[in-house]
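Only one structure is covered here, and it is reproduced in the block below.
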Amino acid sequence: MDAPRLPLGAPLTFVPRLKHYLWGGRRLEQLFGRVLPDGVTAESWEVSGHPDEPSVVDRGPLAGRDLPGLVAEYGLELVGRRGARAVKRGTFPLLVKLLDASHALSVQVHPDDAYAAAHLPGETGKTEMWYVVEAEPGARIIHGLQAGIGRAALRGAVAEGRVQDVLGRVPVRPGDSVMVPAGTVHGLLSGIVLVEVQQTSDTTYRIYDWDRVGPDGKPRELHVERALEVIEFGRREPALVEPRVAGEGAGIRREVVAECEHFVVERVRAEGGAVFEGSADGETFEIWGTLEGKAALGGVGSVAGSGSPGAEGSPALQMETARFALLPATMGRYEFRAGTDVVALRAYLP
């Protein structure tokens, strides 16, 4: 593999973009030490190429550049060969968020790629996964509909105010992983903090919103007819993912906790002092995020000791809890070294 241009020889980190929806709270501050403005914060977009909320690099030679601009300039060097279609569209294929569901989210559904191509110029569908970081005792999610509920039955439940009666509910605990394919009715109930990895789309069709009103004192808009067009009625897939071991040894255990045509997400458990060595060889970028503990991430030779510069001249990135970093597809060999016992997520294109 040819050596990348210097700016792509080290992990990229970004300024989080905060969303202040009414269902949020203050737990991103309490759990992760985030500095939040007054009021409630519902989402922190950690890595985003969405044109409405693009991530901006916060350090290094590319500081101040936004992710869509980097895709336009570097293309496959940044995204990798597996992301060629996204580069052709001028988009970054994945979006990573932290969510604080202190209150219930709306009951909603997202369209798939085919529907987006036909009806939503410039957007893709939205398949997503959730990794539960914190859940209060008894916490549950909404995932799918009750058995036997079809389009006519759901339309009737909406008209009669009985939506809650037809929803599937699933209990969740910290460490659970949930797949939410496009077309699946879903929602988060209260008391959950999670990481979301999804296609780069912000299209949501609300079916029910618990009879709440927005900041303007009016009920938030529902999109029932659009939702009825995109729901995959009759599909009943398990919500919770059974982790699959992808590799184990030398203090490192990797488990696949989400896998679909759009992304793969691994949970990486590392004992203090253990080192995982990988290679960004031009096939795909990787996104790493620490959920517990501390680690260092950088090119081979940069993470030993106290983060001295490695062969590319870039010091290792110190990965504090809930910090996310993008490894460009042509970064080359890299190391993830656990300073303490660590739980991290690693996302990439399949």
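The chains in the structure tokens are called A, B, ... from first to last as shown; in each chain the residues are counted from 1, and the ligands are counted from 1 in the order shown.
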
Would you pick out the contacts of Lys97 in chain A at 7 Å or less, using only C-alpha atoms, so that residues sharing its chain but fewer than 6 positions from it are not included, and give the list as a list in words?
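My list of contacting residues is Glu43, Ser44, Trp45, Glu46, Val195, Glu196 and Val197 of chain A.
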
What would the file look like if the residues just selected were written as a short mmCIF file (atom, residue, chain, number, x, y, z; two decimals), in the first residue's frame with all heavy atoms?
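Below is the file part.cif, written as the result:
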```cif
data_model
loop_
_atom_site.label_atom_id
_atom_site.label_comp_id
_atom_site.auth_asym_id
_atom_site.auth_seq_id
_atom_site.Cartn_x
_atom_site.Cartn_y
_atom_site.Cartn_z
N GLU A 43 -28.43 14.37 22.33
CA GLU A 43 -27.50 13.66 21.46
C GLU A 43 -26.20 14.43 21.34
O GLU A 43 -26.18 15.67 21.36
CB GLU A 43 -28.08 13.50 20.05
CG GLU A 43 -29.35 12.69 19.99
CD GLU A 43 -29.87 12.51 18.56
OE1 GLU A 43 -29.27 13.08 17.62
OE2 GLU A 43 -30.87 11.79 18.40
N SER A 44 -25.12 13.68 21.18
CA SER A 44 -23.83 14.23 20.82
C SER A 44 -23.37 13.49 19.57
O SER A 44 -23.08 12.30 19.63
CB SER A 44 -22.82 14.06 21.95
OG SER A 44 -21.54 14.54 21.56
N TRP A 45 -23.32 14.20 18.44
CA TRP A 45 -22.87 13.59 17.19
C TRP A 45 -21.35 13.60 17.19
O TRP A 45 -20.72 14.65 17.10
CB TRP A 45 -23.43 14.36 16.01
CG TRP A 45 -24.92 14.22 15.84
CD1 TRP A 45 -25.84 13.95 16.81
CD2 TRP A 45 -25.66 14.36 14.62
NE1 TRP A 45 -27.10 13.90 16.29
CE2 TRP A 45 -27.03 14.15 14.95
CE3 TRP A 45 -25.32 14.64 13.32
CZ2 TRP A 45 -28.04 14.23 13.99
CZ3 TRP A 45 -26.32 14.72 12.35
CH2 TRP A 45 -27.67 14.50 12.69
N GLU A 46 -20.77 12.42 17.30
CA GLU A 46 -19.32 12.28 17.49
C GLU A 46 -18.55 12.26 16.17
O GLU A 46 -17.48 12.84 16.06
CB GLU A 46 -19.03 11.01 18.29
CG GLU A 46 -19.67 10.97 19.66
CD GLU A 46 -19.10 12.04 20.59
OE1 GLU A 46 -17.86 12.08 20.74
OE2 GLU A 46 -19.89 12.83 21.14
N VAL A 195 -24.61 4.27 22.64
CA VAL A 195 -23.93 4.66 21.42
C VAL A 195 -24.77 4.18 20.25
O VAL A 195 -25.23 3.04 20.24
CB VAL A 195 -22.52 4.05 21.34
CG1 VAL A 195 -21.84 4.43 20.01
CG2 VAL A 195 -21.66 4.47 22.52
N GLU A 196 -24.95 5.04 19.27
CA GLU A 196 -25.66 4.66 18.05
C GLU A 196 -24.70 4.75 16.86
O GLU A 196 -24.02 5.77 16.68
CB GLU A 196 -26.86 5.58 17.82
CG GLU A 196 -27.64 5.26 16.55
CD GLU A 196 -28.90 6.11 16.43
OE1 GLU A 196 -29.82 5.90 17.24
OE2 GLU A 196 -28.94 6.99 15.55
N VAL A 197 -24.63 3.68 16.09
CA VAL A 197 -23.91 3.68 14.82
C VAL A 197 -24.94 3.46 13.73
O VAL A 197 -25.73 2.52 13.80
CB VAL A 197 -22.84 2.57 14.78
CG1 VAL A 197 -22.11 2.57 13.43
CG2 VAL A 197 -21.84 2.73 15.92
#
```

Each residue of range 232-307 of chain A lying at most 12 Å from range 167-179 of chain A should get a row with its shortest atom-to-atom pair and the distance in Å to one decimal, counting only C-alpha atoms; could you produce that, ordered by chain and increasing number, as CSV?
```
residue,atom,partner,partner_atom,distance
A:Arg236,CA,A:Gly168,CA,9.8
A:Glu237,CA,A:Met179,CA,9.0
A:Pro238,CA,A:Met179,CA,8.2
A:Ala239,CA,A:Val178,CA,5.3
A:Leu240,CA,A:Val178,CA,4.7
A:Val241,CA,A:Ser177,CA,5.5
A:Glu242,CA,A:Ser177,CA,8.0
A:Pro243,CA,A:Ser177,CA,8.2
A:Arg244,CA,A:Ser177,CA,11.6
A:Glu255,CA,A:Ser177,CA,11.2
A:Val256,CA,A:Ser177,CA,9.8
A:Val257,CA,A:Ser177,CA,6.0
A:Ala258,CA,A:Met179,CA,6.6
A:Glu259,CA,A:Met179,CA,8.4
A:Cys260,CA,A:Met179,CA,8.9
A:His262,CA,A:Met179,CA,11.8
A:Phe263,CA,A:Met179,CA,11.1
A:Val264,CA,A:Met179,CA,11.1
A:Val265,CA,A:Ser177,CA,9.7
A:Glu266,CA,A:Ser177,CA,10.3
A:Arg267,CA,A:Gly175,CA,9.3
A:Val268,CA,A:Gly175,CA,11.8
A:Arg269,CA,A:Gly175,CA,11.7
A:Leu291,CA,A:Gly175,CA,10.3
A:Glu292,CA,A:Gly175,CA,11.3
```

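Running DSSP on the backbone and keeping only helix (DSSP H, G or I), the residues of range 210-247 of chain A that qualify are Val224, Glu225, Arg226, Ala227, Leu228, Glu229 and Val230 of chain A.
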
Compare A:Val166, A:Ile252, A:Leu297, A:Ala117 by their minimum atom-to-atom distance to Ala325 in chain A, counting only C-alpha atoms, and give me the closest one.
A:Leu297

So how many Å separate CA of Val107 in chain A and CA of Pro219 in chain A, to one decimal?
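Straight-line distance from CA of Val107 in chain A to CA of Pro219 in chain A works out to 14.1 Å.
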
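In this comparison, which uses only C-alpha atoms, the residue of A:Leu36, A:Val15, A:Val56, A:Leu228 approaching Ala152 in chain A most closely is A:Leu228.
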
For Ser102 in chain A: contacts at 8 Å, only C-alpha atoms, fewer than 3 positions along chain excluded, given as a PDB file with C-alpha atoms, in the first residue's frame:
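What ended up in part.pdb:
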```
ATOM      1  CA  TRP A  23     -36.229  13.900  25.739  1.00  0.00           C
ATOM      2  CA  GLY A  24     -32.595  14.485  26.761  1.00  0.00           C
ATOM      3  CA  GLY A  25     -30.977  15.081  30.138  1.00  0.00           C
ATOM      4  CA  SER A 190     -36.557   6.381  29.540  1.00  0.00           C
ATOM      5  CA  GLY A 191     -33.395   5.678  31.522  1.00  0.00           C
ATOM      6  CA  ILE A 192     -30.992   4.613  28.754  1.00  0.00           C
ATOM      7  CA  VAL A 193     -27.652   5.987  27.544  1.00  0.00           C
TER       8      VAL A 193
END
```

Closest of A:Glu248, A:Ala153, A:His110, A:Gln199 to Gly187 in chain A - atom-to-atom distances counting only C-alpha atoms
A:His110
